Amino acid sequence: MKSAQELVAAAKSEIVEVSLDEAEAAVLAADVLIDVREGNEFRDGHIGGAMSIPRGLLEFILSTDEALQDRSRDIVVYCKSSGRAALAAKTMQEMGYLHVRSIAGGFDAWQDSGKPVAHPPKPDFD
C-alpha cells in the first residue's frame with residue numbers, strides 16, 4: 001500500500017514540472033491554466049487567468065466541458081505546494097492530454113516569491 005507522499009513522488013517522476021523561475025513564462029504561454037485547489041483556496045488568491053477545477057472534480061469536468069476537450073492544448077496546473085497538481089497532471093496524461101505541466105512548489109512558492117496574485121472581487125451587498 002502506498003502513502004500519499006509515495007503517490008505524489010511517483011507522479012512527479014512521470015510528469016513535467018516547471019521551476020518557479022520558468023513558471024511565469026509557462027503560465028503566459030499556456031492555453032489553459034488550472035488551479036486544482038479547493039474553491040475557498042482559490043478565492044483567497046490565485047494566479048491571474050487561472051480557472052478553478054478542484055482536484056476531486058478534475059476528471060469529471062475534463063470529460064464534460066467542451067472547452068477542455070482539445071487534448072493538444074498547452075496546459076499548466078498548480079495547487080498549494082505541488083502534490084495535488086502532480087497527481088492532476090499525471091491523471092491528465094493518462095486521459096490523453098499531451099502538453100501538461102505542473103508548477104514546482106505550487107501557489108505557495110509563487111506567492112512567496114512575490115509574483116502577482118489575483119483575488120476575485122468581493123460581493124457588494126449594498
# chains A, B, ... in the order shown; residues from 1 in each chain; ligands from 1

$ select_by_dssp --residues "chain A" --states "alpha helix (DSSP H)" --output "PyMOL selection string"
chain A and resi 4-12+20-29+39-43+58-64+83-94+106-112

$ residues_around --residues "segment 52-66 of chain A" --least-positions-apart "3" --cutoff "10 Å" --atoms "only C-alpha atoms" --output "PDB file with N, CA and C atoms, in the first residue's frame"
ATOM      1  N   LEU A  33      -4.780  27.493 -17.822  1.00  0.00           N
ATOM      2  CA  LEU A  33      -4.142  27.452 -16.510  1.00  0.00           C
ATOM      3  C   LEU A  33      -5.193  26.965 -15.523  1.00  0.00           C
ATOM      4  N   ILE A  34      -4.897  25.855 -14.855  1.00  0.00           N
ATOM      5  CA  ILE A  34      -5.878  25.250 -13.956  1.00  0.00           C
ATOM      6  C   ILE A  34      -5.343  25.212 -12.529  1.00  0.00           C
ATOM      7  N   ASP A  35      -6.122  25.777 -11.627  1.00  0.00           N
ATOM      8  CA  ASP A  35      -5.852  25.728 -10.190  1.00  0.00           C
ATOM      9  C   ASP A  35      -6.668  24.562  -9.634  1.00  0.00           C
ATOM     10  N   VAL A  36      -5.995  23.528  -9.136  1.00  0.00           N
ATOM     11  CA  VAL A  36      -6.711  22.338  -8.662  1.00  0.00           C
ATOM     12  C   VAL A  36      -6.939  22.349  -7.151  1.00  0.00           C
ATOM     13  N   ARG A  37      -6.733  23.513  -6.523  1.00  0.00           N
ATOM     14  CA  ARG A  37      -7.031  23.627  -5.092  1.00  0.00           C
ATOM     15  C   ARG A  37      -8.550  23.709  -4.902  1.00  0.00           C
ATOM     16  N   GLU A  38      -8.979  23.679  -3.671  1.00  0.00           N
ATOM     17  CA  GLU A  38     -10.405  23.807  -3.362  1.00  0.00           C
ATOM     18  C   GLU A  38     -10.860  25.243  -3.603  1.00  0.00           C
ATOM     19  N   GLY A  39     -12.148  25.420  -3.768  1.00  0.00           N
ATOM     20  CA  GLY A  39     -12.716  26.730  -4.082  1.00  0.00           C
ATOM     21  C   GLY A  39     -12.351  27.820  -3.091  1.00  0.00           C
ATOM     22  N   GLU A  41      -9.663  28.023  -1.300  1.00  0.00           N
ATOM     23  CA  GLU A  41      -8.262  28.369  -1.519  1.00  0.00           C
ATOM     24  C   GLU A  41      -8.135  29.305  -2.720  1.00  0.00           C
ATOM     25  N   PHE A  42      -8.869  28.999  -3.784  1.00  0.00           N
ATOM     26  CA  PHE A  42      -8.859  29.824  -4.995  1.00  0.00           C
ATOM     27  C   PHE A  42      -9.349  31.230  -4.677  1.00  0.00           C
ATOM     28  N   ARG A  43     -10.426  31.335  -3.911  1.00  0.00           N
ATOM     29  CA  ARG A  43     -10.992  32.639  -3.572  1.00  0.00           C
ATOM     30  C   ARG A  43     -10.048  33.475  -2.707  1.00  0.00           C
ATOM     31  N   HIS A  46      -5.175  33.563  -6.244  1.00  0.00           N
ATOM     32  CA  HIS A  46      -4.779  32.597  -7.268  1.00  0.00           C
ATOM     33  C   HIS A  46      -3.927  33.299  -8.322  1.00  0.00           C
ATOM     34  N   GLY A  49      -5.780  34.591 -14.362  1.00  0.00           N
ATOM     35  CA  GLY A  49      -6.144  33.840 -15.561  1.00  0.00           C
ATOM     36  C   GLY A  49      -6.445  32.377 -15.309  1.00  0.00           C
ATOM     37  N   GLN A  69     -11.840  19.853 -24.162  1.00  0.00           N
ATOM     38  CA  GLN A  69     -11.753  18.574 -24.872  1.00  0.00           C
ATOM     39  C   GLN A  69     -10.513  18.433 -25.751  1.00  0.00           C
ATOM     40  N   ASP A  70      -9.955  19.550 -26.197  1.00  0.00           N
ATOM     41  CA  ASP A  70      -8.780  19.507 -27.071  1.00  0.00           C
ATOM     42  C   ASP A  70      -7.570  19.080 -26.254  1.00  0.00           C
ATOM     43  N   ARG A  71      -7.139  17.861 -26.451  1.00  0.00           N
ATOM     44  CA  ARG A  71      -6.055  17.297 -25.646  1.00  0.00           C
ATOM     45  C   ARG A  71      -4.670  17.719 -26.121  1.00  0.00           C
ATOM     46  N   VAL A  77      -0.942  23.288 -14.637  1.00  0.00           N
ATOM     47  CA  VAL A  77      -1.743  23.071 -13.429  1.00  0.00           C
ATOM     48  C   VAL A  77      -0.900  23.437 -12.214  1.00  0.00           C
ATOM     49  N   CYS A  79      -1.286  23.733  -7.557  1.00  0.00           N
ATOM     50  CA  CYS A  79      -2.053  23.617  -6.318  1.00  0.00           C
ATOM     51  C   CYS A  79      -1.305  24.416  -5.253  1.00  0.00           C
ATOM     52  N   ARG A  84      -0.998  17.904  -5.215  1.00  0.00           N
ATOM     53  CA  ARG A  84      -2.247  17.675  -5.948  1.00  0.00           C
ATOM     54  C   ARG A  84      -2.070  17.958  -7.429  1.00  0.00           C
ATOM     55  N   ALA A  85      -1.266  18.968  -7.759  1.00  0.00           N
ATOM     56  CA  ALA A  85      -1.032  19.293  -9.168  1.00  0.00           C
ATOM     57  C   ALA A  85      -0.282  18.171  -9.873  1.00  0.00           C
ATOM     58  N   LEU A  87      -0.442  14.975  -9.109  1.00  0.00           N
ATOM     59  CA  LEU A  87      -1.430  13.910  -9.326  1.00  0.00           C
ATOM     60  C   LEU A  87      -2.385  14.286 -10.462  1.00  0.00           C
ATOM     61  N   ALA A  88      -2.768  15.565 -10.522  1.00  0.00           N
ATOM     62  CA  ALA A  88      -3.666  16.029 -11.588  1.00  0.00           C
ATOM     63  C   ALA A  88      -2.985  15.920 -12.947  1.00  0.00           C
ATOM     64  N   THR A  91      -2.840  12.296 -14.015  1.00  0.00           N
ATOM     65  CA  THR A  91      -4.172  11.862 -14.440  1.00  0.00           C
ATOM     66  C   THR A  91      -4.499  12.404 -15.825  1.00  0.00           C
ATOM     67  N   MET A  92      -4.181  13.670 -16.061  1.00  0.00           N
ATOM     68  CA  MET A  92      -4.471  14.273 -17.362  1.00  0.00           C
ATOM     69  C   MET A  92      -3.670  13.580 -18.464  1.00  0.00           C
ATOM     70  N   MET A  95      -5.379  10.553 -19.331  1.00  0.00           N
ATOM     71  CA  MET A  95      -6.592  10.846 -20.091  1.00  0.00           C
ATOM     72  C   MET A  95      -6.284  11.272 -21.526  1.00  0.00           C
TER      73      MET A  95
END

$ residues_around --residues "segment 118-126 of chain A" --least-positions-apart "3" --cutoff "6 Å" --atoms "only C-alpha atoms" --output "ChimeraX atom specification"
/A:45-48

$ write_last_selection --atoms "C-alpha atoms" --output "short mmCIF file (atom, residue, chain, number, x, y, z; two decimals), in the first residue's frame"
data_model
loop_
_atom_site.label_atom_id
_atom_site.label_comp_id
_atom_site.auth_asym_id
_atom_site.auth_seq_id
_atom_site.Cartn_x
_atom_site.Cartn_y
_atom_site.Cartn_z
CA GLY A 45 -5.91 34.26 -4.06
CA HIS A 46 -4.78 32.60 -7.27
CA ILE A 47 -2.60 33.09 -10.31
CA GLY A 48 -4.29 35.50 -12.70
#

$ closest_residue --among "A:His99, A:Ile75, A:Glu24, A:Val8" --to "Ser113 of chain A" --atoms "only C-alpha atoms"
A:Glu24

$ atom_distance --atom1 "atom CA of Leu7 of chain A" --atom2 "atom CA of Leu20 of chain A"
22.2 Å

$ closest_residue --among "A:Met1, A:Ala86, A:Ala10, A:Val100" --to "Ala30 of chain A" --atoms "only C-alpha atoms"
A:Val100

$ atom_distance --atom1 "atom CA of Lys2 of chain A" --atom2 "atom CA of Ala89 of chain A"
18.7 Å

$ residues_around --residues "Ala67 of chain A" --least-positions-apart "6" --cutoff "12 Å" --atoms "only C-alpha atoms" --output "CSV table (one decimal) with N, CA, C and O atoms, in the first residue's frame"
chain,number,residue,atom,x,y,z
A,31,ASP,N,-2.3,27.6,-22.9
A,31,ASP,CA,-3.6,27.9,-23.4
A,31,ASP,C,-4.6,27.8,-22.3
A,31,ASP,O,-5.7,28.5,-22.3
A,32,VAL,N,-4.3,27.0,-21.3
A,32,VAL,CA,-5.2,26.8,-20.1
A,32,VAL,C,-4.4,26.8,-18.9
A,32,VAL,O,-3.4,26.0,-18.8
A,51,MET,N,-8.3,29.0,-14.1
A,51,MET,CA,-9.7,28.5,-13.8
A,51,MET,C,-9.6,27.6,-12.7
A,51,MET,O,-8.7,26.8,-12.5
A,61,ILE,N,-14.9,17.1,-14.9
A,61,ILE,CA,-15.1,18.4,-15.6
A,61,ILE,C,-14.3,18.3,-16.9
A,61,ILE,O,-14.8,18.7,-18.0
A,73,ARG,N,-3.9,21.0,-26.3
A,73,ARG,CA,-3.6,22.3,-25.8
A,73,ARG,C,-2.5,22.3,-24.7
A,73,ARG,O,-2.3,21.3,-24.1

$ closest_residue --among "A:Val18, A:Asp74, A:Gly83, A:Ala25" --to "Glu6 of chain A" --atoms "only C-alpha atoms"
A:Gly83

$ select_by_dssp --residues "chain A" --states "strand (DSSP E)" --output "list in words"
Val16, Glu17, Val18, Val32, Leu33, Ile34, Asp35, Met51, Ser52, Asp74, Ile75, Val76, Val77, Tyr78, His99, Val100, Arg101, Ser102 and Ile103 of chain A

$ write_last_selection --atoms "all heavy atoms" --output "short mmCIF file (atom, residue, chain, number, x, y, z; two decimals), in the first residue's frame"
data_model
loop_
_atom_site.label_atom_id
_atom_site.label_comp_id
_atom_site.auth_asym_id
_atom_site.auth_seq_id
_atom_site.Cartn_x
_atom_site.Cartn_y
_atom_site.Cartn_z
N VAL A 16 5.97 16.63 -16.24
CA VAL A 16 6.89 17.75 -16.41
C VAL A 16 6.53 18.81 -15.38
O VAL A 16 5.39 19.27 -15.33
CB VAL A 16 6.78 18.35 -17.84
CG1 VAL A 16 7.65 19.59 -17.96
CG2 VAL A 16 7.14 17.31 -18.88
N GLU A 17 7.50 19.14 -14.55
CA GLU A 17 7.33 20.22 -13.58
C GLU A 17 8.20 21.37 -14.02
O GLU A 17 9.38 21.19 -14.34
CB GLU A 17 7.79 19.78 -12.18
CG GLU A 17 6.70 19.38 -11.27
CD GLU A 17 7.17 19.24 -9.82
OE1 GLU A 17 8.30 18.82 -9.57
OE2 GLU A 17 6.35 19.57 -8.96
N VAL A 18 7.63 22.57 -14.05
CA VAL A 18 8.42 23.75 -14.37
C VAL A 18 8.88 24.38 -13.07
O VAL A 18 8.14 24.41 -12.09
CB VAL A 18 7.65 24.77 -15.25
CG1 VAL A 18 7.33 24.19 -16.60
CG2 VAL A 18 6.40 25.27 -14.58
N VAL A 32 -4.34 27.01 -21.26
CA VAL A 32 -5.23 26.84 -20.11
C VAL A 32 -4.38 26.76 -18.85
O VAL A 32 -3.39 26.02 -18.81
CB VAL A 32 -6.08 25.55 -20.24
CG1 VAL A 32 -7.01 25.38 -19.04
CG2 VAL A 32 -6.88 25.53 -21.53
N LEU A 33 -4.78 27.49 -17.82
CA LEU A 33 -4.14 27.45 -16.51
C LEU A 33 -5.19 26.97 -15.52
O LEU A 33 -6.25 27.58 -15.40
CB LEU A 33 -3.63 28.84 -16.13
CG LEU A 33 -3.03 29.01 -14.74
CD1 LEU A 33 -1.79 28.13 -14.56
CD2 LEU A 33 -2.69 30.49 -14.49
N ILE A 34 -4.90 25.85 -14.86
CA ILE A 34 -5.88 25.25 -13.96
C ILE A 34 -5.34 25.21 -12.53
O ILE A 34 -4.27 24.67 -12.26
CB ILE A 34 -6.24 23.81 -14.40
CG1 ILE A 34 -6.81 23.81 -15.81
CG2 ILE A 34 -7.22 23.18 -13.41
CD1 ILE A 34 -7.07 22.41 -16.38
N ASP A 35 -6.12 25.78 -11.63
CA ASP A 35 -5.85 25.73 -10.19
C ASP A 35 -6.67 24.56 -9.63
O ASP A 35 -7.89 24.58 -9.69
CB ASP A 35 -6.30 27.05 -9.56
CG ASP A 35 -6.02 27.16 -8.07
OD1 ASP A 35 -6.06 26.14 -7.37
OD2 ASP A 35 -5.78 28.29 -7.62
N MET A 51 -8.33 29.01 -14.07
CA MET A 51 -9.69 28.53 -13.83
C MET A 51 -9.63 27.56 -12.66
O MET A 51 -8.66 26.84 -12.49
CB MET A 51 -10.29 27.88 -15.08
CG MET A 51 -9.57 26.66 -15.58
SD MET A 51 -10.17 26.05 -17.19
CE MET A 51 -11.91 26.06 -17.03
N SER A 52 -10.64 27.59 -11.84
CA SER A 52 -10.70 26.74 -10.66
C SER A 52 -11.39 25.42 -11.00
O SER A 52 -12.57 25.41 -11.36
CB SER A 52 -11.46 27.45 -9.54
OG SER A 52 -11.62 26.60 -8.43
N ASP A 74 -1.84 23.42 -24.60
CA ASP A 74 -0.77 23.59 -23.61
C ASP A 74 -1.45 23.95 -22.27
O ASP A 74 -2.07 25.00 -22.16
CB ASP A 74 0.17 24.70 -24.07
CG ASP A 74 1.36 24.87 -23.15
OD1 ASP A 74 1.53 24.10 -22.18
OD2 ASP A 74 2.14 25.82 -23.39
N ILE A 75 -1.31 23.07 -21.28
CA ILE A 75 -2.00 23.24 -20.01
C ILE A 75 -0.98 23.27 -18.87
O ILE A 75 -0.07 22.44 -18.81
CB ILE A 75 -3.01 22.10 -19.76
CG1 ILE A 75 -4.05 22.08 -20.88
CG2 ILE A 75 -3.66 22.24 -18.39
CD1 ILE A 75 -5.01 20.91 -20.84
N VAL A 76 -1.15 24.23 -17.96
CA VAL A 76 -0.35 24.31 -16.75
C VAL A 76 -1.32 24.14 -15.57
O VAL A 76 -2.38 24.77 -15.54
CB VAL A 76 0.40 25.65 -16.64
CG1 VAL A 76 1.10 25.78 -15.29
CG2 VAL A 76 1.42 25.77 -17.78
N VAL A 77 -0.94 23.29 -14.64
CA VAL A 77 -1.74 23.07 -13.43
C VAL A 77 -0.90 23.44 -12.21
O VAL A 77 0.32 23.35 -12.23
CB VAL A 77 -2.26 21.62 -13.31
CG1 VAL A 77 -3.19 21.27 -14.43
CG2 VAL A 77 -1.12 20.63 -13.22
N TYR A 78 -1.60 23.86 -11.16
CA TYR A 78 -0.90 24.12 -9.90
C TYR A 78 -1.87 23.91 -8.74
O TYR A 78 -3.09 23.88 -8.91
CB TYR A 78 -0.30 25.53 -9.86
CG TYR A 78 -1.32 26.64 -9.74
CD1 TYR A 78 -1.72 27.12 -8.51
CD2 TYR A 78 -1.89 27.21 -10.87
CE1 TYR A 78 -2.65 28.14 -8.39
CE2 TYR A 78 -2.82 28.22 -10.79
CZ TYR A 78 -3.20 28.68 -9.54
OH TYR A 78 -4.13 29.68 -9.43
N HIS A 99 0.19 17.93 -23.47
CA HIS A 99 1.11 19.00 -23.05
C HIS A 99 0.67 19.58 -21.71
O HIS A 99 0.14 20.69 -21.64
CB HIS A 99 1.15 20.10 -24.11
CG HIS A 99 1.45 19.60 -25.48
ND1 HIS A 99 2.70 19.16 -25.86
CD2 HIS A 99 0.64 19.42 -26.55
CE1 HIS A 99 2.65 18.75 -27.11
NE2 HIS A 99 1.41 18.90 -27.55
N VAL A 100 0.91 18.82 -20.66
CA VAL A 100 0.52 19.24 -19.31
C VAL A 100 1.79 19.44 -18.49
O VAL A 100 2.67 18.59 -18.49
CB VAL A 100 -0.37 18.19 -18.62
CG1 VAL A 100 -0.78 18.66 -17.23
CG2 VAL A 100 -1.59 17.87 -19.46
N ARG A 101 1.85 20.57 -17.81
CA ARG A 101 2.97 20.85 -16.92
C ARG A 101 2.44 21.31 -15.58
O ARG A 101 1.34 21.86 -15.49
CB ARG A 101 3.88 21.93 -17.51
CG ARG A 101 4.54 21.48 -18.80
CD ARG A 101 5.36 22.56 -19.44
NE ARG A 101 4.45 23.55 -20.03
CZ ARG A 101 4.83 24.74 -20.47
NH1 ARG A 101 6.07 25.11 -20.37
NH2 ARG A 101 3.96 25.56 -21.01
N SER A 102 3.21 21.09 -14.55
CA SER A 102 2.87 21.47 -13.19
C SER A 102 3.91 22.47 -12.70
O SER A 102 5.07 22.43 -13.13
CB SER A 102 2.88 20.22 -12.31
OG SER A 102 2.72 20.55 -10.96
N ILE A 103 3.51 23.36 -11.80
CA ILE A 103 4.44 24.34 -11.24
C ILE A 103 5.05 23.78 -9.96
O ILE A 103 4.34 23.50 -8.99
CB ILE A 103 3.73 25.68 -10.95
CG1 ILE A 103 3.19 26.29 -12.25
CG2 ILE A 103 4.68 26.64 -10.24
CD1 ILE A 103 2.38 27.55 -12.05
#

$ decode --residues "segment 101-114 of chain A" --atoms "all heavy atoms" --output "mmCIF file, in the first residue's frame"
data_model
loop_
_atom_site.group_PDB
_atom_site.id
_atom_site.type_symbol
_atom_site.label_atom_id
_atom_site.label_comp_id
_atom_site.auth_asym_id
_atom_site.auth_seq_id
_atom_site.Cartn_x
_atom_site.Cartn_y
_atom_site.Cartn_z
ATOM 1 N N ARG A 101 1.850 20.573 -17.814
ATOM 2 C CA ARG A 101 2.973 20.848 -16.918
ATOM 3 C C ARG A 101 2.436 21.315 -15.576
ATOM 4 O O ARG A 101 1.344 21.864 -15.490
ATOM 5 C CB ARG A 101 3.877 21.929 -17.511
ATOM 6 C CG ARG A 101 4.538 21.478 -18.800
ATOM 7 C CD ARG A 101 5.355 22.556 -19.442
ATOM 8 N NE ARG A 101 4.448 23.547 -20.031
ATOM 9 C CZ ARG A 101 4.826 24.737 -20.468
ATOM 10 N NH1 ARG A 101 6.075 25.113 -20.366
ATOM 11 N NH2 ARG A 101 3.958 25.565 -21.006
ATOM 12 N N SER A 102 3.213 21.086 -14.549
ATOM 13 C CA SER A 102 2.873 21.472 -13.191
ATOM 14 C C SER A 102 3.908 22.475 -12.700
ATOM 15 O O SER A 102 5.070 22.427 -13.125
ATOM 16 C CB SER A 102 2.883 20.219 -12.311
ATOM 17 O OG SER A 102 2.715 20.552 -10.960
ATOM 18 N N ILE A 103 3.505 23.363 -11.798
ATOM 19 C CA ILE A 103 4.437 24.343 -11.236
ATOM 20 C C ILE A 103 5.052 23.782 -9.963
ATOM 21 O O ILE A 103 4.342 23.502 -8.986
ATOM 22 C CB ILE A 103 3.734 25.685 -10.951
ATOM 23 C CG1 ILE A 103 3.190 26.289 -12.246
ATOM 24 C CG2 ILE A 103 4.683 26.644 -10.239
ATOM 25 C CD1 ILE A 103 2.381 27.554 -12.047
ATOM 26 N N ALA A 104 6.364 23.608 -9.959
ATOM 27 C CA ALA A 104 7.074 23.120 -8.771
ATOM 28 C C ALA A 104 6.889 24.104 -7.620
ATOM 29 O O ALA A 104 7.038 25.307 -7.798
ATOM 30 C CB ALA A 104 8.553 22.934 -9.085
ATOM 31 N N GLY A 105 6.531 23.596 -6.470
ATOM 32 C CA GLY A 105 6.327 24.452 -5.306
ATOM 33 C C GLY A 105 4.945 25.049 -5.212
ATOM 34 O O GLY A 105 4.556 25.579 -4.175
ATOM 35 N N GLY A 106 4.182 24.993 -6.298
ATOM 36 C CA GLY A 106 2.797 25.428 -6.300
ATOM 37 C C GLY A 106 2.578 26.909 -6.006
ATOM 38 O O GLY A 106 3.480 27.739 -6.122
ATOM 39 N N PHE A 107 1.345 27.203 -5.612
ATOM 40 C CA PHE A 107 0.942 28.581 -5.358
ATOM 41 C C PHE A 107 1.728 29.193 -4.203
ATOM 42 O O PHE A 107 2.055 30.385 -4.233
ATOM 43 C CB PHE A 107 -0.569 28.642 -5.068
ATOM 44 C CG PHE A 107 -1.065 30.035 -4.840
ATOM 45 C CD1 PHE A 107 -1.230 30.908 -5.907
ATOM 46 C CD2 PHE A 107 -1.369 30.488 -3.569
ATOM 47 C CE1 PHE A 107 -1.674 32.213 -5.706
ATOM 48 C CE2 PHE A 107 -1.819 31.777 -3.363
ATOM 49 C CZ PHE A 107 -1.976 32.644 -4.428
ATOM 50 N N ASP A 108 2.038 28.398 -3.186
ATOM 51 C CA ASP A 108 2.796 28.940 -2.056
ATOM 52 C C ASP A 108 4.134 29.509 -2.521
ATOM 53 O O ASP A 108 4.509 30.620 -2.147
ATOM 54 C CB ASP A 108 3.036 27.872 -0.986
ATOM 55 C CG ASP A 108 1.797 27.588 -0.153
ATOM 56 O OD1 ASP A 108 0.771 28.295 -0.304
ATOM 57 O OD2 ASP A 108 1.856 26.642 0.657
ATOM 58 N N ALA A 109 4.854 28.767 -3.354
ATOM 59 C CA ALA A 109 6.143 29.237 -3.864
ATOM 60 C C ALA A 109 5.947 30.472 -4.743
ATOM 61 O O ALA A 109 6.734 31.427 -4.676
ATOM 62 C CB ALA A 109 6.846 28.122 -4.635
ATOM 63 N N TRP A 110 4.911 30.443 -5.581
ATOM 64 C CA TRP A 110 4.594 31.585 -6.457
ATOM 65 C C TRP A 110 4.389 32.842 -5.608
ATOM 66 O O TRP A 110 5.005 33.881 -5.846
ATOM 67 C CB TRP A 110 3.340 31.251 -7.254
ATOM 68 C CG TRP A 110 2.821 32.335 -8.145
ATOM 69 C CD1 TRP A 110 2.019 33.386 -7.786
ATOM 70 C CD2 TRP A 110 3.053 32.484 -9.553
ATOM 71 N NE1 TRP A 110 1.727 34.158 -8.885
ATOM 72 C CE2 TRP A 110 2.344 33.635 -9.976
ATOM 73 C CE3 TRP A 110 3.766 31.750 -10.490
ATOM 74 C CZ2 TRP A 110 2.347 34.070 -11.291
ATOM 75 C CZ3 TRP A 110 3.770 32.185 -11.813
ATOM 76 C CH2 TRP A 110 3.067 33.337 -12.197
ATOM 77 N N GLN A 111 3.526 32.732 -4.616
ATOM 78 C CA GLN A 111 3.195 33.875 -3.770
ATOM 79 C C GLN A 111 4.399 34.314 -2.933
ATOM 80 O O GLN A 111 4.676 35.514 -2.834
ATOM 81 C CB GLN A 111 2.019 33.507 -2.865
ATOM 82 C CG GLN A 111 1.479 34.654 -2.052
ATOM 83 C CD GLN A 111 0.224 34.274 -1.309
ATOM 84 O OE1 GLN A 111 0.020 33.130 -0.930
ATOM 85 N NE2 GLN A 111 -0.633 35.246 -1.085
ATOM 86 N N ASP A 112 5.125 33.370 -2.353
ATOM 87 C CA ASP A 112 6.278 33.698 -1.513
ATOM 88 C C ASP A 112 7.379 34.412 -2.294
ATOM 89 O O ASP A 112 8.157 35.167 -1.721
ATOM 90 C CB ASP A 112 6.850 32.439 -0.851
ATOM 91 C CG ASP A 112 5.923 31.852 0.210
ATOM 92 O OD1 ASP A 112 4.951 32.536 0.606
ATOM 93 O OD2 ASP A 112 6.168 30.699 0.623
ATOM 94 N N SER A 113 7.435 34.179 -3.603
ATOM 95 C CA SER A 113 8.465 34.825 -4.419
ATOM 96 C C SER A 113 8.050 36.233 -4.863
ATOM 97 O O SER A 113 8.806 36.908 -5.553
ATOM 98 C CB SER A 113 8.786 33.967 -5.639
ATOM 99 O OG SER A 113 7.716 34.024 -6.564
ATOM 100 N N GLY A 114 6.841 36.647 -4.485
ATOM 101 C CA GLY A 114 6.383 37.995 -4.825
ATOM 102 C C GLY A 114 5.740 38.114 -6.192
ATOM 103 O O GLY A 114 5.488 39.222 -6.668
#
